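Novice: This is the structure I have questions about; it appears just below.
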Amino acid sequence: MNRIEPTPKRLTPDLIGRFKAIVGEKYAVTDPHDIAAYVTEERMLYHGHSQLVLRPGSTPEVSAICKLANETQTPLVPQGGNTGLVGGQTPHHGEVVVSLRRMDRVRDLDPQSNTMTCESGMVLLNAQKHASEADRLFPLSLGAEGSCTIGGNLSTNAGGNTALAYGVARDLVIGLEVVLADGRVLNALSKLKKDNTGYNLHNLFIGAEGTLGIITAAVLKLFPKPRAVETAFIGLKSPKDALALLGVARAEASGAVTSFELVPEIVIEFCVRHGSGIRDPMPTRHPWYVLMELTSPAASLSETMETILSRGMEEGLVEDAVIATSLQHRRSFWDLRDFVTHSQKPEGGSIKHDVSVPVASVPEFLDKASAAVVRFMPGARVVPFGHLGDGNIHFNISQPIGADKEAFLGSWRAMNDVVHGVVAEFGGSISAEHGIGYMKRDELAHVKDPVALQLMRQLKATLDPNGILNPGKVV
Ligand code: FAD
Ligand code: MLT
Ligand code: ZN
C-alpha cells in the first residue's frame, strides 16, 4: 500500500499572526535557523520542515491553538523532547509544531497518595528528581531521560530499563489532561486508585503518538524510594545462559530485579572504541553480558547479589562478574548502556529494530534472526541488545565494514522484512516501545489485526475528524 501523504498547507501571514497572538511573539518561532532544532531528530533519519513552532505555556493556550487549527484545517505536530526514534515528532509536511517543553510545572505532589501531577513538558529526569526529593521513586528510566518529556513518554508509551519490575509508561499513570483536536479539554486528572465511572478514556491517548489529542498534564504513580541498590556487569557465554540467570535472579530476589539488560561483545567493542571515558567494565571480554540491577525499599541486597552470582557460577551460567562498589562505579555501567545507541553511529549505517518476543523465546529468536540476516546480507554485523527482562530486543544491524552507507541504508525495508519475518514466527511485535510514528505506519497496516486497524481508524476519525493531529503518523 503506498503511503497517502497529507497535503502540505502554506500558512498565510495572517494565520501565522493569529497563532502568534495565542502564545505571544516570544514563544512563536519563525526563524528557519531556530526552527531547525525542532525538525531534525537524533538519528538524522528525518529532516522535516515547518514555518512555525509554537511554545504554549498553559493548557488554555494549547486549547486555543487546537481550536484555531481545527477551524482552519491547519495540521499540528505535538513535540516534547524530540528524542522519538520513529519520526513521530517530525513535521514531514510543513505542519505547525506545538512544543510542550515550556509546560513543565509540578501541579501537585502527594506522597501519601503516592501521586505526582505534572505538566507534559517536564523532562523525565526532573520528574525522577521531584519524586526523589519527596522520598519517592518515579521508576520510568531510559537512555534519553535527560531530554525526553513526560508527554512524549506517555504518547509513545515508553518502556525503558525498568519495565520488567514497574511496567511501561501506561502502567505508571492514573490520570491525564488532554486537549482534543477541537480545543476541548478532557480533565481526567484523577488521583483515585479506584474509579469505575465509564470508559477508560485517558488510556486512549497513551501510545497514540499525538494523533488523538495533546497531553498537557498527567497524574503519575509514585513508588517507595529504593534504600538498597546493587548493580553488576556479568560476562556469559550465551543469551540462553543469560535467560537462565534471569530465572536464578528472580528465584533469589523476586521483585527486586529491576533491570536486566542484555549486551553482546560487539557493543562493548563499539562503546569502548567510540565513547570518551567509556571503559570496558570487565577485565576480560565475553561473548555476552548482562547489566543487572537489584533495588529494594527495605532490605540490603548485597548478600542476595552474591547468592545469585555464585549460583550462576556453580550452574555454569556466569563466566565472570563485577559488582559496582560505588555510586560512580554503578554510573559507569549505566553510562556504557546509555551510550549504546550512539556507539553504532561511527560504525556507519545502522538499520534499527525495536522488537519484542516472549521472554522465553529470546535466545532462539536471536539465533534465527541472526542467521537470516547474514544469509540476506553476508558481512552485515548483527548488534542485538536491550531489555531482555521484558523480551524487548533492539536487533540493530551495522553495515558490513567498508560497505557504502547509503546503499546499506537503502536496504532498510528489505532488512526489516527479514527480521520482522522471524519476529512473526515467535508471535512478536514490530514495535515494542518506540511506537509506530512515521517510520512503521505502512508496515503496521500489513501486520496489525484488520479489525484493530479499523477501530483505530474509526477512533481517529471520531476524535480528529479534520485530521489535524499529527497526520501521516501511526494510522
Ligand atoms: P518526542 O520525540 O518529542 O515525541 C514523540 C511522540 O510523542 C511524537 O509522536 C509526538 O508527536 C508525541 N508527543 C510528544 N509530546 C506529546 C504530548 N504532550 N501530547 C501528545 N503527543 C505528544 N524509548 C523507549 O521507550 N525506551 C528506551 O529505552 C529508549 N531509549 C532511548 C535512548 C536514546 C539515546 C534515545 C535518543 C531515545 C530513546 N528512546 C527510548 C526513544 C524516546 O526517548 C522515547 O520515545 C520518548 O518517550 C520520547 O519522548 P520525547 O519527549 O522526546 O517525545
Ligand atoms: C535503548 O534501549 O537504548 C533504545 O531504546 C534503543 C536505541 O536507542 O536504539
Ligand atoms: Zn530500548
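We name chains A, B, ... following the order of the C-alpha cells; residues begin at 1 in each chain, and ligands are numbered from 1 as shown.
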Using only C-alpha atoms, which protein or nucleic acid residues come within 12 Å of His33 of chain A? Drop anything in the same chain fewer than 5 positions from it, and give the result as a list of chain:residue names.
Specialist: A:Tyr38, A:Val39, A:Thr40, A:His49, A:Ser50, A:Gln51, A:Leu52, A:Val53
Novice: How would the residues just chosen look if you wrote them out with N, CA and C atoms as a tab-separated table (two decimals), in the first residue's frame?
Specialist:
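Once written, again32.tsv looks like this:
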chain	number	residue	atom	x	y	z
A	38	TYR	N	13.90	21.76	15.79
A	38	TYR	CA	12.62	21.05	16.03
A	38	TYR	C	12.29	20.10	14.88
A	39	VAL	N	13.01	20.24	13.75
A	39	VAL	CA	12.58	19.45	12.57
A	39	VAL	C	13.58	18.36	12.18
A	40	THR	N	14.70	18.28	12.96
A	40	THR	CA	15.62	17.14	12.74
A	40	THR	C	15.66	16.35	14.04
A	49	HIS	N	10.14	19.92	7.88
A	49	HIS	CA	10.17	21.39	7.69
A	49	HIS	C	8.89	21.98	8.26
A	50	SER	N	9.03	23.21	8.70
A	50	SER	CA	7.86	23.87	9.30
A	50	SER	C	8.05	25.39	9.20
A	51	GLN	N	6.95	26.12	9.07
A	51	GLN	CA	7.04	27.58	9.06
A	51	GLN	C	6.95	28.15	10.46
A	52	LEU	N	6.42	27.31	11.40
A	52	LEU	CA	6.07	27.89	12.71
A	52	LEU	C	6.13	26.86	13.81
A	53	VAL	N	6.87	27.21	14.87
A	53	VAL	CA	6.87	26.38	16.09
A	53	VAL	C	6.22	27.22	17.19
Novice: So which residues are near ligand 2, meaning at most 10 Å away with only C-alpha atoms and all ligand atoms counted, given back as a PyMOL selection string?
Specialist: chain A and resi 42-43+83-85+141-144+158-161+261+337-344+350-354+384-387+392-396+432-434
Novice: Would you kindly return, as an MDAnalysis selection string, each protein, DNA or RNA residue with an atom no farther than 12 Å from any atom of Met282 of chain A, considering only C-alpha atoms and excluding same-chain residues fewer than 3 positions away?
Specialist: chainID A and resid 232:236 265 268 272 278:279 285:286 288:291 319:324 329 332:333
Novice: Please produce a file of those selected residues containing C-alpha atoms, as a PDB file, in the first residue's frame.
Specialist:
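The result, stored in out.pdb:
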ATOM      1  CA  ALA A 232      26.583  -5.948  38.405  1.00  0.00           C
ATOM      2  CA  PHE A 233      28.078  -6.355  34.948  1.00  0.00           C
ATOM      3  CA  ILE A 234      28.138 -10.086  34.203  1.00  0.00           C
ATOM      4  CA  GLY A 235      30.020 -11.997  31.471  1.00  0.00           C
ATOM      5  CA  LEU A 236      28.318 -15.047  29.964  1.00  0.00           C
ATOM      6  CA  GLU A 265      30.529  -8.301  22.929  1.00  0.00           C
ATOM      7  CA  ILE A 268      31.354  -3.361  24.329  1.00  0.00           C
ATOM      8  CA  VAL A 272      34.955   1.402  24.254  1.00  0.00           C
ATOM      9  CA  ILE A 278      33.729   4.658  28.489  1.00  0.00           C
ATOM     10  CA  ARG A 279      35.858   1.789  29.797  1.00  0.00           C
ATOM     11  CA  ARG A 285      35.930  -9.987  27.071  1.00  0.00           C
ATOM     12  CA  HIS A 286      32.947 -12.333  26.991  1.00  0.00           C
ATOM     13  CA  TRP A 288      27.628 -11.791  26.002  1.00  0.00           C
ATOM     14  CA  TYR A 289      26.957  -9.598  29.009  1.00  0.00           C
ATOM     15  CA  VAL A 290      24.097  -8.754  31.340  1.00  0.00           C
ATOM     16  CA  LEU A 291      23.773  -5.495  33.231  1.00  0.00           C
ATOM     17  CA  GLU A 319      31.842 -16.706  33.422  1.00  0.00           C
ATOM     18  CA  ASP A 320      32.725 -13.626  35.482  1.00  0.00           C
ATOM     19  CA  ALA A 321      31.013 -10.700  37.220  1.00  0.00           C
ATOM     20  CA  VAL A 322      31.889  -7.240  38.535  1.00  0.00           C
ATOM     21  CA  ILE A 323      29.686  -5.753  41.248  1.00  0.00           C
ATOM     22  CA  ALA A 324      29.614  -1.940  41.440  1.00  0.00           C
ATOM     23  CA  HIS A 329      31.079   2.681  39.547  1.00  0.00           C
ATOM     24  CA  SER A 332      29.872   3.950  34.735  1.00  0.00           C
ATOM     25  CA  PHE A 333      27.931   0.746  33.969  1.00  0.00           C
TER      26      PHE A 333
END
Novice: Do a neighbour search on segment 411-427 of chain A at 8 Å with only C-alpha atoms, toss out local chain neighbours closer than 4 positions, and write the hits as an MDAnalysis selection string.
Specialist: chainID A and resid 351 353 355:358 361 365 368:369 372:373 376 407
Novice: Can you write just those residues out, N, CA and C atoms, as a PDB file, in the first residue's frame?
Specialist:
ATOM      1  N   ILE A 351      20.781  -0.238  10.699  1.00  0.00           N
ATOM      2  CA  ILE A 351      19.341  -0.432  10.483  1.00  0.00           C
ATOM      3  C   ILE A 351      18.746  -0.924  11.798  1.00  0.00           C
ATOM      4  N   HIS A 353      15.932  -2.011  14.813  1.00  0.00           N
ATOM      5  CA  HIS A 353      14.716  -2.767  15.112  1.00  0.00           C
ATOM      6  C   HIS A 353      14.411  -2.616  16.600  1.00  0.00           C
ATOM      7  N   VAL A 355      12.069  -4.726  18.628  1.00  0.00           N
ATOM      8  CA  VAL A 355      11.091  -5.822  18.584  1.00  0.00           C
ATOM      9  C   VAL A 355      10.923  -6.468  19.957  1.00  0.00           C
ATOM     10  N   SER A 356       9.841  -7.178  20.115  1.00  0.00           N
ATOM     11  CA  SER A 356       9.675  -7.964  21.343  1.00  0.00           C
ATOM     12  C   SER A 356       9.114  -9.328  20.968  1.00  0.00           C
ATOM     13  N   VAL A 357       9.586 -10.319  21.712  1.00  0.00           N
ATOM     14  CA  VAL A 357       9.090 -11.695  21.594  1.00  0.00           C
ATOM     15  C   VAL A 357       8.897 -12.188  23.025  1.00  0.00           C
ATOM     16  N   PRO A 358       8.169 -13.285  23.216  1.00  0.00           N
ATOM     17  CA  PRO A 358       8.050 -13.807  24.588  1.00  0.00           C
ATOM     18  C   PRO A 358       9.456 -14.006  25.185  1.00  0.00           C
ATOM     19  N   SER A 361      11.493 -16.951  24.448  1.00  0.00           N
ATOM     20  CA  SER A 361      11.884 -17.195  23.041  1.00  0.00           C
ATOM     21  C   SER A 361      13.082 -16.366  22.606  1.00  0.00           C
ATOM     22  N   PHE A 365      15.052 -16.753  19.094  1.00  0.00           N
ATOM     23  CA  PHE A 365      14.814 -15.655  18.145  1.00  0.00           C
ATOM     24  C   PHE A 365      16.150 -15.073  17.684  1.00  0.00           C
ATOM     25  N   LYS A 368      17.871 -17.372  15.199  1.00  0.00           N
ATOM     26  CA  LYS A 368      17.214 -17.461  13.882  1.00  0.00           C
ATOM     27  C   LYS A 368      17.332 -16.141  13.116  1.00  0.00           C
ATOM     28  N   ALA A 369      17.123 -15.046  13.841  1.00  0.00           N
ATOM     29  CA  ALA A 369      17.167 -13.735  13.157  1.00  0.00           C
ATOM     30  C   ALA A 369      18.593 -13.426  12.694  1.00  0.00           C
ATOM     31  N   ALA A 372      19.303 -15.423   9.607  1.00  0.00           N
ATOM     32  CA  ALA A 372      18.534 -14.902   8.463  1.00  0.00           C
ATOM     33  C   ALA A 372      19.187 -13.633   7.910  1.00  0.00           C
ATOM     34  N   VAL A 373      19.697 -12.783   8.797  1.00  0.00           N
ATOM     35  CA  VAL A 373      20.321 -11.516   8.353  1.00  0.00           C
ATOM     36  C   VAL A 373      21.611 -11.811   7.588  1.00  0.00           C
ATOM     37  N   PHE A 376      20.890 -13.060   4.244  1.00  0.00           N
ATOM     38  CA  PHE A 376      20.375 -11.987   3.380  1.00  0.00           C
ATOM     39  C   PHE A 376      21.499 -11.039   2.962  1.00  0.00           C
ATOM     40  N   ALA A 407      23.881   2.944   0.354  1.00  0.00           N
ATOM     41  CA  ALA A 407      23.356   1.712  -0.274  1.00  0.00           C
ATOM     42  C   ALA A 407      22.862   0.761   0.807  1.00  0.00           C
TER      43      ALA A 407
END
Novice: In Å, with one decimal, what is the gap from atom CA of Ala445 of chain A to atom CA of Met377 of chain A?
Specialist: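 Interatomic distance, atom CA of Ala445 of chain A to atom CA of Met377 of chain A: 26.3 Å.
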Novice: Using only C-alpha atoms, which of the listed residues (A:Val168, A:Val359, A:Ile214, A:Met305) sits closest to Ala228 of chain A?
Specialist: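 Comparing A:Val168, A:Val359, A:Ile214, A:Met305 against Ala228 of chain A, the winner is A:Met305.
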Novice: List the spatial neighbours of Ala360 of chain A as a ChimeraX atom specification - criterion: any atom at most 10 Å away, only C-alpha atoms, same-chain residues fewer than 2 positions off excluded.
Specialist: /A:240,243-244,357-358,362-365,388-391
Novice: Store the residues of this selection in a file with all heavy atoms, as an mmCIF file, in the first residue's frame.
Specialist:
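Listing of again.cif after writing:
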data_model
loop_
_atom_site.group_PDB
_atom_site.id
_atom_site.type_symbol
_atom_site.label_atom_id
_atom_site.label_comp_id
_atom_site.auth_asym_id
_atom_site.auth_seq_id
_atom_site.Cartn_x
_atom_site.Cartn_y
_atom_site.Cartn_z
ATOM 1 N N LYS A 240 21.115 -17.778 26.079
ATOM 2 C CA LYS A 240 20.432 -18.884 26.792
ATOM 3 C C LYS A 240 20.868 -18.891 28.258
ATOM 4 O O LYS A 240 20.048 -18.983 29.179
ATOM 5 C CB LYS A 240 20.778 -20.209 26.097
ATOM 6 C CG LYS A 240 19.981 -21.423 26.553
ATOM 7 C CD LYS A 240 20.064 -22.567 25.482
ATOM 8 C CE LYS A 240 19.567 -23.866 26.112
ATOM 9 N NZ LYS A 240 20.658 -24.504 26.910
ATOM 10 N N LEU A 243 19.308 -15.934 30.016
ATOM 11 C CA LEU A 243 17.900 -16.166 30.373
ATOM 12 C C LEU A 243 17.810 -17.058 31.615
ATOM 13 O O LEU A 243 17.017 -16.814 32.523
ATOM 14 C CB LEU A 243 17.183 -16.816 29.194
ATOM 15 C CG LEU A 243 15.671 -16.878 29.293
ATOM 16 C CD1 LEU A 243 15.064 -15.488 29.345
ATOM 17 C CD2 LEU A 243 15.088 -17.653 28.118
ATOM 18 N N ALA A 244 18.670 -18.080 31.665
ATOM 19 C CA ALA A 244 18.667 -18.965 32.847
ATOM 20 C C ALA A 244 19.075 -18.174 34.091
ATOM 21 O O ALA A 244 18.493 -18.322 35.171
ATOM 22 C CB ALA A 244 19.624 -20.121 32.616
ATOM 23 N N VAL A 357 9.586 -10.319 21.712
ATOM 24 C CA VAL A 357 9.090 -11.695 21.594
ATOM 25 C C VAL A 357 8.897 -12.188 23.025
ATOM 26 O O VAL A 357 9.413 -11.569 23.969
ATOM 27 C CB VAL A 357 10.073 -12.614 20.832
ATOM 28 C CG1 VAL A 357 10.210 -12.182 19.372
ATOM 29 C CG2 VAL A 357 11.446 -12.662 21.516
ATOM 30 N N PRO A 358 8.169 -13.285 23.216
ATOM 31 C CA PRO A 358 8.050 -13.807 24.588
ATOM 32 C C PRO A 358 9.456 -14.006 25.185
ATOM 33 O O PRO A 358 10.369 -14.471 24.466
ATOM 34 C CB PRO A 358 7.331 -15.138 24.380
ATOM 35 C CG PRO A 358 6.539 -14.935 23.112
ATOM 36 C CD PRO A 358 7.396 -14.059 22.247
ATOM 37 N N VAL A 362 13.552 -15.471 23.458
ATOM 38 C CA VAL A 362 14.620 -14.541 23.019
ATOM 39 C C VAL A 362 15.845 -15.285 22.479
ATOM 40 O O VAL A 362 16.306 -14.982 21.364
ATOM 41 C CB VAL A 362 15.008 -13.555 24.142
ATOM 42 C CG1 VAL A 362 16.260 -12.781 23.785
ATOM 43 C CG2 VAL A 362 13.849 -12.583 24.428
ATOM 44 N N PRO A 363 16.392 -16.285 23.180
ATOM 45 C CA PRO A 363 17.602 -16.941 22.645
ATOM 46 C C PRO A 363 17.372 -17.545 21.260
ATOM 47 O O PRO A 363 18.163 -17.322 20.337
ATOM 48 C CB PRO A 363 17.914 -18.011 23.690
ATOM 49 C CG PRO A 363 17.290 -17.515 24.950
ATOM 50 C CD PRO A 363 16.053 -16.802 24.534
ATOM 51 N N GLU A 364 16.274 -18.233 21.083
ATOM 52 C CA GLU A 364 16.017 -18.869 19.781
ATOM 53 C C GLU A 364 15.760 -17.814 18.702
ATOM 54 O O GLU A 364 16.253 -17.914 17.581
ATOM 55 C CB GLU A 364 14.811 -19.816 19.909
ATOM 56 C CG GLU A 364 14.750 -20.864 18.795
ATOM 57 C CD GLU A 364 13.423 -21.627 18.779
ATOM 58 O OE1 GLU A 364 12.688 -21.583 19.803
ATOM 59 O OE2 GLU A 364 13.109 -22.204 17.735
ATOM 60 N N PHE A 365 15.052 -16.753 19.094
ATOM 61 C CA PHE A 365 14.814 -15.655 18.145
ATOM 62 C C PHE A 365 16.150 -15.073 17.684
ATOM 63 O O PHE A 365 16.391 -14.866 16.484
ATOM 64 C CB PHE A 365 13.947 -14.553 18.783
ATOM 65 C CG PHE A 365 14.041 -13.247 18.045
ATOM 66 C CD1 PHE A 365 13.449 -13.092 16.801
ATOM 67 C CD2 PHE A 365 14.803 -12.201 18.570
ATOM 68 C CE1 PHE A 365 13.585 -11.905 16.088
ATOM 69 C CE2 PHE A 365 14.941 -11.010 17.873
ATOM 70 C CZ PHE A 365 14.341 -10.859 16.630
ATOM 71 N N LEU A 388 16.274 -7.553 27.962
ATOM 72 C CA LEU A 388 15.986 -9.000 27.947
ATOM 73 C C LEU A 388 14.892 -9.331 28.950
ATOM 74 O O LEU A 388 14.027 -10.159 28.689
ATOM 75 C CB LEU A 388 17.249 -9.804 28.280
ATOM 76 C CG LEU A 388 17.067 -11.314 28.426
ATOM 77 C CD1 LEU A 388 16.518 -11.946 27.154
ATOM 78 C CD2 LEU A 388 18.387 -11.989 28.801
ATOM 79 N N GLY A 389 14.884 -8.634 30.069
ATOM 80 C CA GLY A 389 13.923 -8.923 31.141
ATOM 81 C C GLY A 389 12.474 -8.831 30.708
ATOM 82 O O GLY A 389 11.591 -9.424 31.302
ATOM 83 N N ASP A 390 12.202 -8.038 29.630
ATOM 84 C CA ASP A 390 10.800 -7.956 29.189
ATOM 85 C C ASP A 390 10.649 -8.382 27.728
ATOM 86 O O ASP A 390 9.653 -8.091 27.080
ATOM 87 C CB ASP A 390 10.226 -6.537 29.417
ATOM 88 C CG ASP A 390 11.082 -5.453 28.753
ATOM 89 O OD1 ASP A 390 11.373 -5.579 27.555
ATOM 90 O OD2 ASP A 390 11.477 -4.511 29.458
ATOM 91 N N GLY A 391 11.697 -9.035 27.181
ATOM 92 C CA GLY A 391 11.593 -9.588 25.828
ATOM 93 C C GLY A 391 11.774 -8.578 24.717
ATOM 94 O O GLY A 391 11.540 -8.878 23.549
#
Novice: Considering only C-alpha atoms, return as number ranges by chain whatever protein or nucleic-acid residues lie within 10 Å of segment 455-468 of chain A, sequence-local ones (same chain, fewer than 2 positions apart) excluded.
Specialist: A: 6, 66, 69-77, 95-96, 180-182, 204, 208, 211-213, 450-453, 470-472, 474-475
Novice: Mind checking DSSP for segment 306-470 of chain A and telling me the alpha helix (DSSP H) residues as number ranges by chain?
Specialist: A: 306-314, 327-343, 362-376, 405-409, 412-425, 441-447, 450-463
Novice: With only C-alpha atoms as the basis for distance, which of A:Gly87, A:Pro60, A:Gly247, A:Pro264 is at the shortest distance from Val178 of chain A?
Specialist: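 Between A:Gly87, A:Pro60, A:Gly247, A:Pro264, the residue approaching Val178 of chain A most closely is A:Pro60.
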Novice: Run DSSP on the backbone and give me the residues of segment 275-388 of chain A it puts in strand (DSSP E), as a ChimeraX atom specification.
Specialist: /A:288-296,320-323,350-351,355-356,381-387
Novice: Write out as an NGL selection string which residues come within 6 Å of segment 103-108 of chain A when counting only C-alpha atoms, dropping same-chain ones fewer than 3 positions away.
Specialist: :A and (57 or 100 or 116-119 or 121-122)
Novice: Of the residues A:Val219, A:Ile22, A:Leu54, A:Ala163, which is the one nearest to ligand 3, using only C-alpha atoms and all ligand atoms?
Specialist: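 Result for the nearest residue to ligand 3: A:Ala163.
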Novice: Pick from A:Gly24, A:Gly255, A:Gly312, A:Gly167: nearest to ligand 1, with only C-alpha atoms and all ligand atoms counted?
Specialist: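 Counting only C-alpha atoms and all ligand atoms, the residue closest to ligand 1 is A:Gly167.
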Novice: Measuring atom to atom with only C-alpha atoms and all ligand atoms, identify which of A:Ala371, A:Ala218, A:Ala64, A:Val29 is nearest to ligand 1.
Specialist: A:Ala218
Novice: What is the distance between atom 45 (O, counted along the ligand's line) of ligand 1 and atom CA of Ile150 of chain A, in Å to one decimal?
Specialist: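 Distance between the two atoms: 10.2 Å.
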Novice: So, with only C-alpha atoms as the atoms that count, which of A:Glu230, A:Asp14, A:Asp280, A:Asp241 lies closest to Glu293 of chain A?
Specialist: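 Under the stated criterion, the closest residue is A:Glu230.
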